[in-house]
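Q: Take a look at this one; I'll ask things after.
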Amino acid sequence: MNRPQGVPAVDPLYADIRRTDPLRPAVILDVRELDEFRQVRVPGSLFIPMSQLAVRLDEVPKDRPVLVICATGSRSVNVVGHLLASGWTDVANVAGGISTWERMGLPVSRGPVEPGEGKPSG
(Lines give C-alpha, C1' and ligand atoms only; values in the text may rest on other atoms or scores of the structure.)
Protein backbone atom coordinates (compact mmCIF):
# COMPACT_ATOMS: atom_id res chain seq x y z
CA MET A 1 0.00 0.00 0.00
CA ASN A 2 1.33 3.43 -0.89
CA ARG A 3 1.08 6.24 1.63
CA PRO A 4 -1.96 8.32 0.61
CA GLN A 5 -2.10 12.10 0.92
CA GLY A 6 -4.71 13.97 2.91
CA VAL A 7 -6.59 11.10 4.57
CA PRO A 8 -9.21 12.05 7.17
CA ALA A 9 -8.01 11.90 10.77
CA VAL A 10 -9.56 12.20 14.22
CA ASP A 11 -7.93 12.62 17.60
CA PRO A 12 -8.17 9.75 20.10
CA LEU A 13 -10.61 11.55 22.41
CA TYR A 14 -13.06 12.06 19.54
CA ALA A 15 -12.55 8.42 18.48
CA ASP A 16 -13.39 7.26 22.01
CA ILE A 17 -16.59 9.34 21.98
CA ARG A 18 -17.54 7.98 18.55
CA ARG A 19 -16.99 4.33 19.52
CA THR A 20 -19.48 4.68 22.36
CA ASP A 21 -22.08 6.70 20.43
CA PRO A 22 -25.44 5.14 21.34
CA LEU A 23 -27.00 5.86 17.93
CA ARG A 24 -24.21 4.99 15.47
CA PRO A 25 -21.09 3.71 17.21
CA ALA A 26 -17.87 3.74 15.23
CA VAL A 27 -15.77 0.62 14.82
CA ILE A 28 -12.18 0.96 15.98
CA LEU A 29 -10.16 -1.11 13.50
CA ASP A 30 -6.79 -2.10 14.99
CA VAL A 31 -4.30 -2.95 12.23
CA ARG A 32 -1.25 -3.75 14.37
CA GLU A 33 0.23 -7.22 14.67
CA LEU A 34 -0.89 -9.77 17.30
CA ASP A 35 2.03 -9.19 19.70
CA GLU A 36 1.21 -5.46 19.74
CA PHE A 37 -2.52 -6.11 20.18
CA ARG A 38 -1.83 -8.39 23.17
CA GLN A 39 0.19 -5.68 24.90
CA VAL A 40 -2.43 -2.93 24.77
CA ARG A 41 -5.65 -2.39 22.83
CA VAL A 42 -8.87 -0.40 22.71
CA PRO A 43 -11.68 -2.41 24.34
CA GLY A 44 -14.16 -3.67 21.76
CA SER A 45 -11.91 -2.95 18.79
CA LEU A 46 -11.93 -5.03 15.61
CA PHE A 47 -8.50 -6.62 15.13
CA ILE A 48 -7.30 -7.20 11.57
CA PRO A 49 -3.52 -6.92 11.18
CA MET A 50 -2.45 -4.83 8.18
CA SER A 51 -0.64 -7.94 6.90
CA GLN A 52 -4.02 -9.75 6.66
CA LEU A 53 -6.23 -6.89 5.53
CA ALA A 54 -6.34 -7.84 1.84
CA VAL A 55 -7.82 -11.27 2.58
CA ARG A 56 -10.09 -10.08 5.42
CA LEU A 57 -11.44 -6.88 3.88
CA ASP A 58 -15.00 -8.26 3.96
CA GLU A 59 -14.87 -8.18 7.79
CA VAL A 60 -14.64 -4.38 7.80
CA PRO A 61 -18.15 -2.96 8.03
CA LYS A 62 -19.35 -0.41 5.48
CA ASP A 63 -22.52 0.47 7.39
CA ARG A 64 -20.75 2.10 10.37
CA PRO A 65 -17.97 4.65 10.74
CA VAL A 66 -14.55 2.97 10.83
CA LEU A 67 -11.71 4.58 12.78
CA VAL A 68 -8.37 2.92 12.06
CA ILE A 69 -5.67 2.71 14.72
CA CYS A 70 -2.10 1.38 14.85
CA ALA A 71 0.84 2.10 17.14
CA THR A 72 1.58 5.71 16.12
CA GLY A 73 -0.68 6.46 13.15
CA SER A 74 1.59 5.49 10.25
CA ARG A 75 0.17 2.12 9.21
CA SER A 76 -3.37 3.27 9.85
CA VAL A 77 -2.95 6.20 7.41
CA ASN A 78 -2.15 3.67 4.69
CA VAL A 79 -5.11 1.48 5.63
CA VAL A 80 -7.51 4.45 5.59
CA GLY A 81 -6.29 5.35 2.09
CA HIS A 82 -6.77 1.75 0.97
CA LEU A 83 -10.29 1.56 2.42
CA LEU A 84 -11.27 4.85 0.77
CA ALA A 85 -9.93 3.59 -2.57
CA SER A 86 -11.87 0.34 -2.06
CA GLY A 87 -15.27 1.97 -1.59
CA TRP A 88 -15.52 2.79 2.12
CA THR A 89 -16.72 6.33 2.72
CA ASP A 90 -16.89 6.89 6.48
CA VAL A 91 -13.32 6.10 7.58
CA ALA A 92 -10.61 8.05 9.39
CA ASN A 93 -7.20 7.58 10.93
CA VAL A 94 -6.86 7.81 14.73
CA ALA A 95 -4.04 10.37 14.91
CA GLY A 96 -1.11 9.32 17.07
CA GLY A 97 -2.30 5.74 17.34
CA ILE A 98 -2.60 3.66 20.49
CA SER A 99 0.43 5.40 22.01
CA THR A 100 -1.42 8.74 22.05
CA TRP A 101 -4.69 7.02 23.05
CA GLU A 102 -2.99 5.51 26.09
CA ARG A 103 -1.09 8.71 26.93
CA MET A 104 -4.42 10.56 27.02
CA GLY A 105 -5.68 8.12 29.68
CA LEU A 106 -8.39 6.62 27.48
CA PRO A 107 -9.62 3.06 28.19
CA VAL A 108 -7.34 0.16 27.24
CA SER A 109 -7.18 -3.60 27.76
CA ARG A 110 -3.95 -5.51 28.31
CA GLY A 111 -2.69 -9.05 28.38
CA PRO A 112 -4.11 -12.24 26.92
CA VAL A 113 -6.77 -11.80 24.26
CA GLU A 114 -10.09 -13.21 25.46
CA PRO A 115 -12.16 -15.53 23.22
CA GLY A 116 -14.12 -13.41 20.74
CA GLU A 117 -12.09 -10.28 21.47
CA GLY A 118 -11.05 -8.44 18.33
CA LYS A 119 -13.76 -10.13 16.24
CA PRO A 120 -16.56 -8.37 14.34
CA SER A 121 -19.57 -7.55 16.49
CA GLY A 122 -23.24 -7.33 15.65
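Letters A, B, ... mark the chains of the C-alpha coordinates in the order given; residue numbers begin at 1 per chain; ligand numbers begin at 1, in order shown.
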Report as a count of residues only: the residues of chain A with a DSSP assignment of strand (DSSP E), based on the backbone of this structure.
A: 16
Q: Report as a list in words all protein, DNA and RNA residues lying within 6 Å of range 62-78 of chain A, evaluated on only C-alpha atoms, omitting residues in the same chain fewer than 3 positions from it.
A: Arg3, Ala26, Val27, Ile28, Leu29, Asp30, Val31, Arg32, Gly81, Asp90, Val91, Ala92, Asn93, Val94, Ala95, Gly96, Gly97, Ile98 and Ser99 of chain A
Q: For the residues in the current selection, export N, CA and C atoms as a PDB file, in the first residue's frame.
A:
```pdb
ATOM      1  N   ARG A   3       1.562   5.256   0.662  1.00  0.00           N
ATOM      2  CA  ARG A   3       1.081   6.238   1.630  1.00  0.00           C
ATOM      3  C   ARG A   3       0.231   7.282   0.918  1.00  0.00           C
ATOM      4  N   ALA A  26     -18.944   4.018  16.181  1.00  0.00           N
ATOM      5  CA  ALA A  26     -17.866   3.744  15.234  1.00  0.00           C
ATOM      6  C   ALA A  26     -17.161   2.448  15.619  1.00  0.00           C
ATOM      7  N   VAL A  27     -16.612   1.793  14.618  1.00  0.00           N
ATOM      8  CA  VAL A  27     -15.774   0.619  14.823  1.00  0.00           C
ATOM      9  C   VAL A  27     -14.332   1.104  14.883  1.00  0.00           C
ATOM     10  N   ILE A  28     -13.619   0.707  15.921  1.00  0.00           N
ATOM     11  CA  ILE A  28     -12.182   0.964  15.981  1.00  0.00           C
ATOM     12  C   ILE A  28     -11.512  -0.248  15.350  1.00  0.00           C
ATOM     13  N   LEU A  29     -10.854  -0.045  14.219  1.00  0.00           N
ATOM     14  CA  LEU A  29     -10.157  -1.113  13.502  1.00  0.00           C
ATOM     15  C   LEU A  29      -8.674  -1.040  13.847  1.00  0.00           C
ATOM     16  N   ASP A  30      -8.189  -2.029  14.580  1.00  0.00           N
ATOM     17  CA  ASP A  30      -6.786  -2.096  14.990  1.00  0.00           C
ATOM     18  C   ASP A  30      -6.017  -2.908  13.959  1.00  0.00           C
ATOM     19  N   VAL A  31      -5.037  -2.291  13.311  1.00  0.00           N
ATOM     20  CA  VAL A  31      -4.302  -2.951  12.229  1.00  0.00           C
ATOM     21  C   VAL A  31      -2.873  -3.335  12.616  1.00  0.00           C
ATOM     22  N   ARG A  32      -2.577  -3.331  13.913  1.00  0.00           N
ATOM     23  CA  ARG A  32      -1.250  -3.747  14.372  1.00  0.00           C
ATOM     24  C   ARG A  32      -1.145  -5.268  14.338  1.00  0.00           C
ATOM     25  N   GLY A  81      -6.371   5.076   3.529  1.00  0.00           N
ATOM     26  CA  GLY A  81      -6.293   5.347   2.094  1.00  0.00           C
ATOM     27  C   GLY A  81      -6.755   4.163   1.265  1.00  0.00           C
ATOM     28  N   ASP A  90     -16.930   6.303   5.145  1.00  0.00           N
ATOM     29  CA  ASP A  90     -16.887   6.891   6.481  1.00  0.00           C
ATOM     30  C   ASP A  90     -15.749   6.263   7.278  1.00  0.00           C
ATOM     31  N   VAL A  91     -14.506   6.622   6.919  1.00  0.00           N
ATOM     32  CA  VAL A  91     -13.319   6.097   7.582  1.00  0.00           C
ATOM     33  C   VAL A  91     -12.369   7.236   7.924  1.00  0.00           C
ATOM     34  N   ALA A  92     -11.604   7.040   8.993  1.00  0.00           N
ATOM     35  CA  ALA A  92     -10.611   8.045   9.393  1.00  0.00           C
ATOM     36  C   ALA A  92      -9.494   7.368  10.177  1.00  0.00           C
ATOM     37  N   ASN A  93      -8.365   8.013  10.178  1.00  0.00           N
ATOM     38  CA  ASN A  93      -7.199   7.583  10.928  1.00  0.00           C
ATOM     39  C   ASN A  93      -7.303   8.132  12.353  1.00  0.00           C
ATOM     40  N   VAL A  94      -6.957   7.319  13.355  1.00  0.00           N
ATOM     41  CA  VAL A  94      -6.857   7.813  14.728  1.00  0.00           C
ATOM     42  C   VAL A  94      -5.445   8.368  14.880  1.00  0.00           C
ATOM     43  N   ALA A  95      -5.342   9.684  14.884  1.00  0.00           N
ATOM     44  CA  ALA A  95      -4.044  10.369  14.910  1.00  0.00           C
ATOM     45  C   ALA A  95      -3.254   9.998  16.163  1.00  0.00           C
ATOM     46  N   GLY A  96      -1.986   9.657  15.954  1.00  0.00           N
ATOM     47  CA  GLY A  96      -1.108   9.325  17.068  1.00  0.00           C
ATOM     48  C   GLY A  96      -1.195   7.885  17.532  1.00  0.00           C
ATOM     49  N   GLY A  97      -2.191   7.154  17.042  1.00  0.00           N
ATOM     50  CA  GLY A  97      -2.299   5.739  17.339  1.00  0.00           C
ATOM     51  C   GLY A  97      -2.560   5.419  18.803  1.00  0.00           C
ATOM     52  N   ILE A  98      -2.339   4.141  19.134  1.00  0.00           N
ATOM     53  CA  ILE A  98      -2.600   3.660  20.492  1.00  0.00           C
ATOM     54  C   ILE A  98      -1.670   4.324  21.497  1.00  0.00           C
ATOM     55  N   SER A  99      -0.487   4.751  21.065  1.00  0.00           N
ATOM     56  CA  SER A  99       0.427   5.403  22.011  1.00  0.00           C
ATOM     57  C   SER A  99      -0.170   6.723  22.517  1.00  0.00           C
TER      58      SER A  99
END
```
Q: So that I can check the secondary structure, give me every residue of range 7-91 of chain A assigned alpha helix (DSSP H) by backbone DSSP, as an MDAnalysis selection string.
A: chainID A and resid 12:19 34:39 53:56 74:85
Q: Work out how far CA of Thr100 in chain A is from CA of Gly87 in chain A, in Å to one decimal.
A: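 The value is 28.2 Å.
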Q: Taking only C-alpha atoms into account, which of A:Leu106, A:Pro49, A:Thr89, A:Gly6 comes nearest Arg19 in chain A?
A: A:Leu106
Q: With only C-alpha atoms as the atoms that count, which of A:Leu23, A:Val113, A:Val108, A:Val55 lies nearest to Val42 in chain A?
A: A:Val108
Q: Just the residues within 9 Å of Gly111 in chain A, please, counting only C-alpha atoms, with nothing from its chain fewer than 2 positions along; format it as a PyMOL selection string.
A: chain A and resi 37-40+109+113-114
Q: To one decimal place in Å, what is the distance between CA of Pro22 in chain A and CA of Leu46 in chain A?
A: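 Computing it gives 17.9 Å between the two atoms.
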